[in-house]
file entry.pdb (PDB, C-alpha atoms and all ligand atoms)
ATOM      1  CA  MET H   3      48.416   6.829 -68.272  1.00  0.00           C
ATOM      2  CA  SER H   4      48.558   3.055 -68.004  1.00  0.00           C
ATOM      3  CA  GLU H   5      45.691   0.915 -66.802  1.00  0.00           C
ATOM      4  CA  THR H   6      46.347  -2.197 -64.764  1.00  0.00           C
ATOM      5  CA  ALA H   7      43.704  -4.905 -65.205  1.00  0.00           C
ATOM      6  CA  ILE H   8      42.496  -6.197 -61.865  1.00  0.00           C
ATOM      7  CA  HIS H   9      41.448  -9.820 -61.876  1.00  0.00           C
ATOM      8  CA  MET H  10      38.424 -10.412 -59.716  1.00  0.00           C
ATOM      9  CA  PRO H  11      38.315 -14.103 -58.752  1.00  0.00           C
ATOM     10  CA  SER H  12      35.156 -15.949 -59.740  1.00  0.00           C
ATOM     11  CA  ALA H  13      33.025 -17.822 -57.207  1.00  0.00           C
ATOM     12  CA  ASP H  14      34.533 -21.076 -58.485  1.00  0.00           C
ATOM     13  CA  GLU H  15      38.078 -19.792 -58.052  1.00  0.00           C
ATOM     14  CA  LEU H  16      37.292 -18.682 -54.506  1.00  0.00           C
ATOM     15  CA  LEU H  17      35.791 -22.062 -53.692  1.00  0.00           C
ATOM     16  CA  ALA H  18      38.816 -23.869 -55.179  1.00  0.00           C
ATOM     17  CA  ALA H  19      41.115 -21.703 -53.054  1.00  0.00           C
ATOM     18  CA  LYS H  20      39.037 -22.533 -49.989  1.00  0.00           C
ATOM     19  CA  ALA H  21      39.234 -26.260 -50.782  1.00  0.00           C
ATOM     20  CA  ALA H  22      43.015 -26.009 -51.153  1.00  0.00           C
ATOM     21  CA  THR H  23      43.225 -24.206 -47.790  1.00  0.00           C
ATOM     22  CA  ILE H  24      41.148 -26.942 -46.140  1.00  0.00           C
ATOM     23  CA  TYR H  25      43.307 -29.679 -47.664  1.00  0.00           C
ATOM     24  CA  ALA H  26      46.534 -27.989 -46.538  1.00  0.00           C
ATOM     25  CA  GLY H  27      45.121 -27.136 -43.100  1.00  0.00           C
ATOM     26  CA  LEU H  28      44.102 -30.721 -42.392  1.00  0.00           C
ATOM     27  CA  ASN H  29      47.458 -32.059 -43.597  1.00  0.00           C
ATOM     28  CA  GLU H  30      49.243 -29.648 -41.315  1.00  0.00           C
ATOM     29  CA  PHE H  31      47.064 -30.490 -38.333  1.00  0.00           C
ATOM     30  CA  TYR H  32      46.784 -34.277 -38.680  1.00  0.00           C
ATOM     31  CA  GLY H  33      49.663 -35.121 -41.021  1.00  0.00           C
ATOM     32  CA  GLN H  34      49.293 -36.215 -44.633  1.00  0.00           C
ATOM     33  CA  PRO H  35      48.282 -39.878 -44.979  1.00  0.00           C
ATOM     34  CA  GLN H  36      50.153 -41.619 -47.788  1.00  0.00           C
ATOM     35  CA  TRP H  37      48.661 -44.380 -49.912  1.00  0.00           C
ATOM     36  CA  GLN H  38      50.957 -47.378 -49.587  1.00  0.00           C
ATOM     37  CA  GLY H  39      49.256 -49.967 -51.721  1.00  0.00           C
ATOM     38  CA  GLY H  40      45.754 -51.237 -51.193  1.00  0.00           C
ATOM     39  CA  GLU H  41      43.916 -54.408 -50.324  1.00  0.00           C
ATOM     40  CA  ASP H  42      42.790 -56.760 -53.063  1.00  0.00           C
ATOM     41  CA  PRO H  43      39.800 -54.940 -54.650  1.00  0.00           C
ATOM     42  CA  VAL H  44      37.378 -57.850 -54.172  1.00  0.00           C
ATOM     43  CA  ASP H  45      38.323 -57.987 -50.476  1.00  0.00           C
ATOM     44  CA  GLU H  46      37.912 -54.203 -50.266  1.00  0.00           C
ATOM     45  CA  LEU H  47      34.506 -54.424 -51.945  1.00  0.00           C
ATOM     46  CA  ILE H  48      33.190 -57.134 -49.633  1.00  0.00           C
ATOM     47  CA  TRP H  49      34.552 -55.338 -46.572  1.00  0.00           C
ATOM     48  CA  THR H  50      32.901 -52.107 -47.701  1.00  0.00           C
ATOM     49  CA  ILE H  51      29.564 -53.868 -48.207  1.00  0.00           C
ATOM     50  CA  LEU H  52      29.914 -55.126 -44.624  1.00  0.00           C
ATOM     51  CA  SER H  53      30.734 -51.638 -43.344  1.00  0.00           C
ATOM     52  CA  ALA H  54      27.368 -50.075 -44.247  1.00  0.00           C
ATOM     53  CA  ASN H  55      25.693 -48.547 -41.181  1.00  0.00           C
ATOM     54  CA  THR H  56      28.227 -49.872 -38.704  1.00  0.00           C
ATOM     55  CA  ASN H  57      31.657 -48.951 -37.368  1.00  0.00           C
ATOM     56  CA  ASP H  58      35.095 -50.216 -38.455  1.00  0.00           C
ATOM     57  CA  THR H  59      35.417 -52.506 -35.449  1.00  0.00           C
ATOM     58  CA  ASN H  60      32.222 -54.409 -36.247  1.00  0.00           C
ATOM     59  CA  SER H  61      32.786 -54.593 -40.007  1.00  0.00           C
ATOM     60  CA  GLY H  62      36.382 -55.706 -39.434  1.00  0.00           C
ATOM     61  CA  ARG H  63      35.250 -58.443 -37.073  1.00  0.00           C
ATOM     62  CA  ALA H  64      32.631 -59.628 -39.580  1.00  0.00           C
ATOM     63  CA  PHE H  65      35.151 -59.649 -42.431  1.00  0.00           C
ATOM     64  CA  ARG H  66      37.735 -61.615 -40.446  1.00  0.00           C
ATOM     65  CA  GLN H  67      35.036 -64.056 -39.337  1.00  0.00           C
ATOM     66  CA  LEU H  68      33.944 -64.519 -42.959  1.00  0.00           C
ATOM     67  CA  LYS H  69      37.528 -65.325 -43.980  1.00  0.00           C
ATOM     68  CA  ALA H  70      38.076 -67.578 -40.961  1.00  0.00           C
ATOM     69  CA  THR H  71      34.899 -69.516 -41.723  1.00  0.00           C
ATOM     70  CA  PHE H  72      35.290 -69.943 -45.493  1.00  0.00           C
ATOM     71  CA  GLY H  73      38.977 -69.324 -46.175  1.00  0.00           C
ATOM     72  CA  ASP H  74      40.382 -67.068 -48.895  1.00  0.00           C
ATOM     73  CA  ASP H  75      38.348 -68.614 -51.708  1.00  0.00           C
ATOM     74  CA  TRP H  76      35.353 -66.493 -52.744  1.00  0.00           C
ATOM     75  CA  GLU H  77      33.927 -69.486 -54.623  1.00  0.00           C
ATOM     76  CA  THR H  78      33.445 -71.202 -51.257  1.00  0.00           C
ATOM     77  CA  VAL H  79      31.591 -68.171 -49.924  1.00  0.00           C
ATOM     78  CA  ARG H  80      29.384 -67.932 -53.006  1.00  0.00           C
ATOM     79  CA  ASN H  81      28.356 -71.591 -52.716  1.00  0.00           C
ATOM     80  CA  ALA H  82      27.929 -71.593 -48.952  1.00  0.00           C
ATOM     81  CA  PRO H  83      24.462 -71.803 -47.364  1.00  0.00           C
ATOM     82  CA  LEU H  84      23.136 -68.273 -46.878  1.00  0.00           C
ATOM     83  CA  GLU H  85      22.503 -68.991 -43.200  1.00  0.00           C
ATOM     84  CA  ALA H  86      26.199 -69.808 -42.677  1.00  0.00           C
ATOM     85  CA  ILE H  87      27.250 -66.531 -44.323  1.00  0.00           C
ATOM     86  CA  LYS H  88      24.771 -64.603 -42.174  1.00  0.00           C
ATOM     87  CA  GLU H  89      26.173 -66.227 -39.065  1.00  0.00           C
ATOM     88  CA  ALA H  90      29.759 -65.352 -40.030  1.00  0.00           C
ATOM     89  CA  ILE H  91      28.990 -61.691 -40.726  1.00  0.00           C
ATOM     90  CA  ARG H  92      26.540 -61.180 -37.863  1.00  0.00           C
ATOM     91  CA  PRO H  93      28.803 -58.603 -36.065  1.00  0.00           C
ATOM     92  CA  ALA H  94      28.315 -56.189 -38.995  1.00  0.00           C
ATOM     93  CA  GLY H  95      24.533 -55.960 -38.442  1.00  0.00           C
ATOM     94  CA  MET H  96      21.931 -56.004 -41.243  1.00  0.00           C
ATOM     95  CA  TYR H  97      23.371 -59.437 -42.002  1.00  0.00           C
ATOM     96  CA  ASN H  98      20.342 -60.715 -43.968  1.00  0.00           C
ATOM     97  CA  GLN H  99      20.676 -57.987 -46.585  1.00  0.00           C
ATOM     98  CA  LYS H 100      24.472 -57.929 -46.522  1.00  0.00           C
ATOM     99  CA  ALA H 101      24.762 -61.709 -47.010  1.00  0.00           C
ATOM    100  CA  GLN H 102      22.442 -61.528 -50.030  1.00  0.00           C
ATOM    101  CA  ASN H 103      24.396 -58.597 -51.486  1.00  0.00           C
ATOM    102  CA  ILE H 104      27.712 -60.396 -51.027  1.00  0.00           C
ATOM    103  CA  VAL H 105      26.501 -63.532 -52.798  1.00  0.00           C
ATOM    104  CA  ALA H 106      24.827 -61.555 -55.594  1.00  0.00           C
ATOM    105  CA  THR H 107      27.911 -59.400 -56.124  1.00  0.00           C
ATOM    106  CA  LEU H 108      30.296 -62.365 -56.164  1.00  0.00           C
ATOM    107  CA  THR H 109      27.992 -64.175 -58.590  1.00  0.00           C
ATOM    108  CA  ARG H 110      27.949 -61.193 -60.945  1.00  0.00           C
ATOM    109  CA  ILE H 111      31.735 -60.758 -60.851  1.00  0.00           C
ATOM    110  CA  LYS H 112      32.184 -64.455 -61.694  1.00  0.00           C
ATOM    111  CA  GLU H 113      29.687 -64.163 -64.569  1.00  0.00           C
ATOM    112  CA  LEU H 114      31.451 -61.119 -65.984  1.00  0.00           C
ATOM    113  CA  GLU H 115      35.088 -62.058 -65.443  1.00  0.00           C
ATOM    114  CA  GLY H 116      35.086 -65.845 -65.119  1.00  0.00           C
ATOM    115  CA  GLU H 117      36.879 -65.492 -61.787  1.00  0.00           C
ATOM    116  CA  TYR H 118      36.775 -63.364 -58.647  1.00  0.00           C
ATOM    117  CA  THR H 119      38.875 -60.418 -59.725  1.00  0.00           C
ATOM    118  CA  LEU H 120      38.512 -56.669 -60.124  1.00  0.00           C
ATOM    119  CA  ASP H 121      42.120 -56.090 -61.157  1.00  0.00           C
ATOM    120  CA  HIS H 122      40.989 -54.842 -64.574  1.00  0.00           C
ATOM    121  CA  LEU H 123      39.619 -51.681 -62.911  1.00  0.00           C
ATOM    122  CA  ALA H 124      43.215 -50.429 -62.717  1.00  0.00           C
ATOM    123  CA  THR H 125      43.278 -49.768 -66.453  1.00  0.00           C
ATOM    124  CA  MET H 126      39.709 -48.516 -66.965  1.00  0.00           C
ATOM    125  CA  THR H 127      38.891 -44.814 -66.906  1.00  0.00           C
ATOM    126  CA  VAL H 128      37.522 -43.705 -63.540  1.00  0.00           C
ATOM    127  CA  PRO H 129      33.992 -43.045 -64.937  1.00  0.00           C
ATOM    128  CA  ASP H 130      33.960 -46.495 -66.583  1.00  0.00           C
ATOM    129  CA  ALA H 131      35.244 -48.175 -63.416  1.00  0.00           C
ATOM    130  CA  LEU H 132      32.579 -46.388 -61.354  1.00  0.00           C
ATOM    131  CA  ALA H 133      29.892 -47.449 -63.826  1.00  0.00           C
ATOM    132  CA  TYR H 134      31.132 -51.059 -63.692  1.00  0.00           C
ATOM    133  CA  LEU H 135      31.112 -51.164 -59.893  1.00  0.00           C
ATOM    134  CA  THR H 136      27.781 -49.428 -59.391  1.00  0.00           C
ATOM    135  CA  ALA H 137      26.155 -51.912 -61.772  1.00  0.00           C
ATOM    136  CA  LEU H 138      27.027 -54.699 -59.299  1.00  0.00           C
ATOM    137  CA  PRO H 139      24.175 -55.671 -56.946  1.00  0.00           C
ATOM    138  CA  GLY H 140      24.042 -53.549 -53.806  1.00  0.00           C
ATOM    139  CA  VAL H 141      27.020 -51.356 -54.765  1.00  0.00           C
ATOM    140  CA  GLY H 142      26.426 -47.604 -54.615  1.00  0.00           C
ATOM    141  CA  HIS H 143      28.643 -44.638 -55.408  1.00  0.00           C
ATOM    142  CA  LYS H 144      30.262 -44.474 -51.981  1.00  0.00           C
ATOM    143  CA  THR H 145      31.258 -48.149 -52.020  1.00  0.00           C
ATOM    144  CA  ALA H 146      32.510 -47.916 -55.604  1.00  0.00           C
ATOM    145  CA  SER H 147      34.606 -44.838 -54.820  1.00  0.00           C
ATOM    146  CA  ILE H 148      36.098 -46.495 -51.737  1.00  0.00           C
ATOM    147  CA  VAL H 149      37.233 -49.496 -53.807  1.00  0.00           C
ATOM    148  CA  LEU H 150      38.796 -47.271 -56.463  1.00  0.00           C
ATOM    149  CA  LEU H 151      40.487 -44.949 -53.987  1.00  0.00           C
ATOM    150  CA  PHE H 152      41.727 -47.483 -51.441  1.00  0.00           C
ATOM    151  CA  SER H 153      42.656 -50.419 -53.694  1.00  0.00           C
ATOM    152  CA  PHE H 154      44.026 -48.415 -56.639  1.00  0.00           C
ATOM    153  CA  ASN H 155      44.480 -44.805 -55.444  1.00  0.00           C
ATOM    154  CA  ARG H 156      42.323 -43.802 -58.415  1.00  0.00           C
ATOM    155  CA  GLY H 157      40.613 -40.404 -58.563  1.00  0.00           C
ATOM    156  CA  ALA H 158      37.243 -41.094 -56.972  1.00  0.00           C
ATOM    157  CA  PHE H 159      36.289 -39.235 -53.801  1.00  0.00           C
ATOM    158  CA  PRO H 160      34.048 -41.169 -51.371  1.00  0.00           C
ATOM    159  CA  VAL H 161      31.589 -39.116 -49.334  1.00  0.00           C
ATOM    160  CA  ASP H 162      30.429 -40.697 -46.096  1.00  0.00           C
ATOM    161  CA  THR H 163      28.390 -39.104 -43.334  1.00  0.00           C
ATOM    162  CA  HIS H 164      31.429 -37.292 -41.837  1.00  0.00           C
ATOM    163  CA  VAL H 165      32.584 -35.875 -45.165  1.00  0.00           C
ATOM    164  CA  GLN H 166      29.011 -34.805 -45.980  1.00  0.00           C
ATOM    165  CA  ARG H 167      28.504 -33.015 -42.658  1.00  0.00           C
ATOM    166  CA  ILE H 168      31.858 -31.203 -42.724  1.00  0.00           C
ATOM    167  CA  SER H 169      31.485 -30.186 -46.392  1.00  0.00           C
ATOM    168  CA  GLN H 170      28.100 -28.645 -45.594  1.00  0.00           C
ATOM    169  CA  ARG H 171      29.374 -26.822 -42.513  1.00  0.00           C
ATOM    170  CA  LEU H 172      32.453 -25.486 -44.269  1.00  0.00           C
ATOM    171  CA  GLY H 173      30.336 -24.209 -47.153  1.00  0.00           C
ATOM    172  CA  ILE H 174      32.091 -26.338 -49.765  1.00  0.00           C
ATOM    173  CA  SER H 175      28.654 -27.682 -50.610  1.00  0.00           C
ATOM    174  CA  GLY H 176      25.127 -26.485 -50.062  1.00  0.00           C
ATOM    175  CA  ARG H 177      23.538 -27.390 -46.743  1.00  0.00           C
ATOM    176  CA  ARG H 178      21.159 -29.907 -48.287  1.00  0.00           C
ATOM    177  CA  ASP H 179      23.439 -31.333 -50.975  1.00  0.00           C
ATOM    178  CA  SER H 180      23.484 -35.110 -51.419  1.00  0.00           C
ATOM    179  CA  PRO H 181      26.653 -37.210 -50.977  1.00  0.00           C
ATOM    180  CA  GLU H 182      26.809 -37.719 -54.738  1.00  0.00           C
ATOM    181  CA  LYS H 183      26.663 -33.986 -55.411  1.00  0.00           C
ATOM    182  CA  ILE H 184      29.315 -33.317 -52.744  1.00  0.00           C
ATOM    183  CA  LYS H 185      31.564 -35.950 -54.327  1.00  0.00           C
ATOM    184  CA  GLY H 186      31.320 -34.075 -57.639  1.00  0.00           C
ATOM    185  CA  ILE H 187      32.116 -30.728 -56.012  1.00  0.00           C
ATOM    186  CA  TRP H 188      35.327 -31.938 -54.309  1.00  0.00           C
ATOM    187  CA  GLU H 189      36.387 -33.700 -57.516  1.00  0.00           C
ATOM    188  CA  ARG H 190      35.932 -30.461 -59.437  1.00  0.00           C
ATOM    189  CA  LEU H 191      37.833 -28.363 -56.897  1.00  0.00           C
ATOM    190  CA  LEU H 192      40.889 -30.517 -56.152  1.00  0.00           C
ATOM    191  CA  PRO H 193      43.126 -32.853 -58.178  1.00  0.00           C
ATOM    192  CA  PRO H 194      42.898 -36.659 -57.780  1.00  0.00           C
ATOM    193  CA  GLU H 195      46.227 -36.959 -55.975  1.00  0.00           C
ATOM    194  CA  THR H 196      44.715 -35.125 -52.998  1.00  0.00           C
ATOM    195  CA  TYR H 197      41.711 -37.445 -52.522  1.00  0.00           C
ATOM    196  CA  TYR H 198      43.295 -40.140 -50.384  1.00  0.00           C
ATOM    197  CA  ALA H 199      44.728 -37.820 -47.722  1.00  0.00           C
ATOM    198  CA  LEU H 200      41.716 -35.487 -47.851  1.00  0.00           C
ATOM    199  CA  HIS H 201      39.211 -38.308 -47.412  1.00  0.00           C
ATOM    200  CA  LEU H 202      41.045 -39.831 -44.442  1.00  0.00           C
ATOM    201  CA  ASN H 203      41.676 -36.488 -42.762  1.00  0.00           C
ATOM    202  CA  LEU H 204      38.067 -35.350 -43.158  1.00  0.00           C
ATOM    203  CA  ILE H 205      36.854 -38.585 -41.552  1.00  0.00           C
ATOM    204  CA  ARG H 206      39.320 -38.146 -38.712  1.00  0.00           C
ATOM    205  CA  HIS H 207      38.211 -34.522 -38.336  1.00  0.00           C
ATOM    206  CA  GLY H 208      34.584 -35.650 -38.221  1.00  0.00           C
ATOM    207  CA  ARG H 209      35.329 -38.186 -35.494  1.00  0.00           C
ATOM    208  CA  GLU H 210      37.564 -36.020 -33.332  1.00  0.00           C
ATOM    209  CA  ILE H 211      36.597 -32.339 -33.757  1.00  0.00           C
ATOM    210  CA  CYS H 212      33.799 -31.609 -36.241  1.00  0.00           C
ATOM    211  CA  ILE H 213      31.573 -34.139 -34.525  1.00  0.00           C
ATOM    212  CA  ALA H 214      27.859 -34.352 -35.304  1.00  0.00           C
ATOM    213  CA  ARG H 215      26.595 -32.718 -32.117  1.00  0.00           C
ATOM    214  CA  ASN H 216      28.403 -29.732 -30.637  1.00  0.00           C
ATOM    215  CA  PRO H 217      31.489 -29.560 -32.876  1.00  0.00           C
ATOM    216  CA  LYS H 218      34.639 -28.487 -31.046  1.00  0.00           C
ATOM    217  CA  CYS H 219      35.096 -25.316 -33.101  1.00  0.00           C
ATOM    218  CA  GLU H 220      37.281 -23.713 -30.439  1.00  0.00           C
ATOM    219  CA  ILE H 221      40.143 -26.102 -31.271  1.00  0.00           C
ATOM    220  CA  CYS H 222      39.487 -26.464 -35.021  1.00  0.00           C
ATOM    221  CA  PRO H 223      42.207 -25.504 -37.514  1.00  0.00           C
ATOM    222  CA  LEU H 224      39.565 -24.645 -40.160  1.00  0.00           C
ATOM    223  CA  GLN H 225      37.774 -21.852 -38.292  1.00  0.00           C
ATOM    224  CA  ARG H 226      38.763 -19.084 -40.689  1.00  0.00           C
ATOM    225  CA  VAL H 227      37.298 -20.845 -43.733  1.00  0.00           C
ATOM    226  CA  CYS H 228      34.193 -22.288 -42.077  1.00  0.00           C
ATOM    227  CA  ASP H 229      30.677 -20.980 -42.779  1.00  0.00           C
ATOM    228  CA  TYR H 230      29.264 -22.645 -39.673  1.00  0.00           C
ATOM    229  CA  TYR H 231      31.870 -20.950 -37.500  1.00  0.00           C
ATOM    230  CA  SER H 232      31.427 -17.524 -39.077  1.00  0.00           C
ATOM    231  CA  ARG H 233      27.663 -17.762 -38.678  1.00  0.00           C
ATOM    232  CA  ALA H 234      27.735 -18.910 -35.083  1.00  0.00           C
ATOM    233  CA  GLY H 235      24.292 -18.628 -33.591  1.00  0.00           C
ATOM    234  CA  GLU H 236      22.474 -18.539 -36.945  1.00  0.00           C
ATOM    235  CA  TRP H 237      22.977 -22.150 -37.989  1.00  0.00           C
ATOM    236  CA  ALA H 238      20.261 -24.733 -37.467  1.00  0.00           C
ATOM    237  CA  GLU H 239      21.076 -28.324 -38.494  1.00  0.00           C
TER     238      GLU H 239
HETATM  239  S1  LIG X 301      34.990 -24.624 -37.251  1.00  0.00           S
HETATM  240 FE1  LIG X 301      33.558 -26.023 -36.244  1.00  0.00          FE
HETATM  241  S2  LIG X 301      31.981 -26.491 -37.751  1.00  0.00           S
HETATM  242 FE2  LIG X 301      33.743 -25.596 -38.846  1.00  0.00          FE
HETATM  243  S3  LIG X 301      34.924 -27.362 -39.528  1.00  0.00           S
HETATM  244 FE3  LIG X 301      35.749 -26.696 -37.572  1.00  0.00          FE
HETATM  245  S4  LIG X 301      34.690 -27.934 -36.017  1.00  0.00           S
HETATM  246 FE4  LIG X 301      33.534 -28.085 -37.945  1.00  0.00          FE
END

call {"tool": "encode", "arguments": {"input": "entry.pdb", "output": "structure tokens", "more": "lines below"}}
Ligand code: SF4
result
Amino acid sequence: MSETAIHMPSADELLAAKAATIYAGLNEFYGQPQWQGGEDPVDELIWTILSANTNDTNSGRAFRQLKATFGDDWETVRNAPLEAIKEAIRPAGMYNQKAQNIVATLTRIKELEGEYTLDHLATMTVPDALAYLTALPGVGHKTASIVLLFSFNRGAFPVDTHVQRISQRLGISGRRDSPEKIKGIWERLLPPETYYALHLNLIRHGREICIARNPKCEICPLQRVCDYYSRAGEWAE
């Protein structure tokens, strides 16, 4: 009599399969965004600093106004009166803090590199590049991951408020997990080449369907893998 070994998937294997299903489901529903070359990483960094606690429209307006006022030379921005920088970036909100962070970050990059460049991040390991960026004034993990992912398509997964909320609802993370913990979970479950499309599609999903209040579960392509959906009526946020 022969015995056939039955492989029982571990919790980690089940979660990885769920993550792969989510990735594929979002690609099928929204299309798969392709990385087609990024912005200059210093531009991306300054834009991301401006984008804290505001929407893309406002941060984009502030960034364009900053460039229109001071030109493409970051040295001019760094040496400009703080009040003039605040005025240029006013549409982004929190302009006092953001202007100080921009000047401090530019100053530190110039001290370290002798010029305003982050091109060397392309050849650093991802952990080293993250450590370098998060040591800059006012740069946290989300901002650092955005620069690495968008400018270089490197394997860092940014977790914003949409990604955090959807990850918690789907059961990819715990319901109280921090953005940094959620970043680590996705990075453990899926390979780096998925991060760009997954990040963009999760944000789109969070804006269009898995919205903060009253998610539109009835039209969601992720129903069958969603903890929130399967526990309808028992979920308090
Ligand atoms: S089923 Fe509902 S809660 Fe779950 S991901 Fe979709 S919209 Fe969000």

call {"tool": "residues_around", "arguments": {"input": "entry.pdb", "residues": "segment 53-64 of chain H", "least_positions_apart": "4", "cutoff": "6 Å", "atoms": "only C-alpha atoms", "output": "NGL selection string"}}
result
:H and (91 or 93-94)

call {"tool": "resolve_selection", "arguments": {"input": "entry.pdb", "expression": "the PyMOL selection byres (((not hetatm)) within 6 of (chain X and resi 301))", "output": "ChimeraX atom specification"}}
result
/H:168,171-172,211-212,217-219,222,224-225,228,230-231

call {"tool": "residues_around", "arguments": {"input": "entry.pdb", "residues": "Gln102 of chain H", "least_positions_apart": "6", "cutoff": "12 Å", "atoms": "all atoms listed in the file", "output": "PyMOL selection string"}}
result
chain H and resi 48+51-52+79-88+91+96+108-109+139-140

call {"tool": "closest_residue", "arguments": {"input": "entry.pdb", "among": "H:Thr50, H:Ser12, H:Gln99, H:Thr127", "to": "Asp162 of chain H", "atoms": "only C-alpha atoms"}}
result
H:Thr50

call {"tool": "residues_around", "arguments": {"input": "entry.pdb", "residues": "Asp121 of chain H", "least_positions_apart": "6", "cutoff": "9 Å", "atoms": "all atoms listed in the file", "output": "ChimeraX atom specification"}}
result
/H:42-44

call {"tool": "resolve_selection", "arguments": {"input": "entry.pdb", "expression": "the PyMOL selection byres (((chain H and resi 177-188) around 8) and not hetatm)", "output": "list in words"}}
result
Ala21, His143, Phe159, Pro160, Val161, Asp162, Gln166, Ser169, Gln170, Arg171, Gly173, Ile174, Ser175, Gly176, Glu189, Arg190, Leu191 and Leu192 of chain H

call {"tool": "atom_distance", "arguments": {"input": "entry.pdb", "atom1": "atom CA of Tyr118 of chain H", "atom2": "atom CA of Arg92 of chain H"}}
result
23.3 Å

call {"tool": "residues_near_point", "arguments": {"input": "entry.pdb", "point": "(41.2, -41.8, -41.0)", "cutoff": "12 Å", "atoms": "all atoms listed in the file", "output": "number ranges by chain"}}
result
H: 28-29, 32-37, 58, 152, 162, 164-165, 198-210

call {"tool": "resolve_selection", "arguments": {"input": "entry.pdb", "expression": "the PyMOL selection byres (((chain H and resi 158) around 8) and not hetatm)", "output": "ChimeraX atom specification"}}
result
/H:128,147-148,150-151,156-157,159-160,189,194,197

call {"tool": "atom_distance", "arguments": {"input": "entry.pdb", "atom1": "atom CA of Ala101 of chain H", "atom2": "atom CA of Met126 of chain H"}}
result
28.2 Å

call {"tool": "atom_distance", "arguments": {"input": "entry.pdb", "atom1": "atom CA of Leu135 of chain H", "atom2": "atom CA of Lys100 of chain H"}}
result
16.4 Å

call {"tool": "axis_aligned_box", "arguments": {"input": "entry.pdb", "around": "segment 114-130 of chain H", "padding_each_side": "4 Å", "output": "AutoDock Vina command-line options"}}
result
--center_x 37.4 --center_y -54.4 --center_z -62.8 --size_x 19.8 --size_y 30.8 --size_z 16.3

call {"tool": "closest_residue", "arguments": {"input": "entry.pdb", "among": "H:Leu120, H:Asn155, H:Glu115, H:Thr136", "to": "Gly39 of chain H", "atoms": "all atoms listed in the file"}}
result
H:Asn155

call {"tool": "closest_residue", "arguments": {"input": "entry.pdb", "among": "H:Asp130, H:Glu195, H:Glu77, H:Glu89", "to": "Phe65 of chain H", "atoms": "only C-alpha atoms"}}
result
H:Glu89

call {"tool": "decode", "arguments": {"input": "entry.pdb", "residues": "segment 151-169 of chain H", "atoms": "C-alpha atoms", "output": "mmCIF file, in the first residue's frame"}}
result
data_model
loop_
_atom_site.group_PDB
_atom_site.id
_atom_site.type_symbol
_atom_site.label_atom_id
_atom_site.label_comp_id
_atom_site.auth_asym_id
_atom_site.auth_seq_id
_atom_site.Cartn_x
_atom_site.Cartn_y
_atom_site.Cartn_z
ATOM 1 C CA LEU H 151 10.124 52.936 -6.575
ATOM 2 C CA PHE H 152 9.158 55.816 -8.859
ATOM 3 C CA SER H 153 12.585 57.162 -9.861
ATOM 4 C CA PHE H 154 14.420 53.822 -10.085
ATOM 5 C CA ASN H 155 11.768 51.061 -10.021
ATOM 6 C CA ARG H 156 13.709 49.594 -7.094
ATOM 7 C CA GLY H 157 12.110 47.087 -4.716
ATOM 8 C CA ALA H 158 10.663 49.309 -2.009
ATOM 9 C CA PHE H 159 6.911 49.281 -1.415
ATOM 10 C CA PRO H 160 5.408 52.598 -0.232
ATOM 11 C CA VAL H 161 2.413 52.369 2.089
ATOM 12 C CA ASP H 162 0.148 55.402 2.137
ATOM 13 C CA THR H 163 -3.235 55.749 3.799
ATOM 14 C CA HIS H 164 -5.062 53.921 0.956
ATOM 15 C CA VAL H 165 -2.644 50.994 0.897
ATOM 16 C CA GLN H 166 -2.789 50.764 4.706
ATOM 17 C CA ARG H 167 -6.594 50.728 4.827
ATOM 18 C CA ILE H 168 -7.007 48.167 2.032
ATOM 19 C CA SER H 169 -4.268 45.887 3.419
#
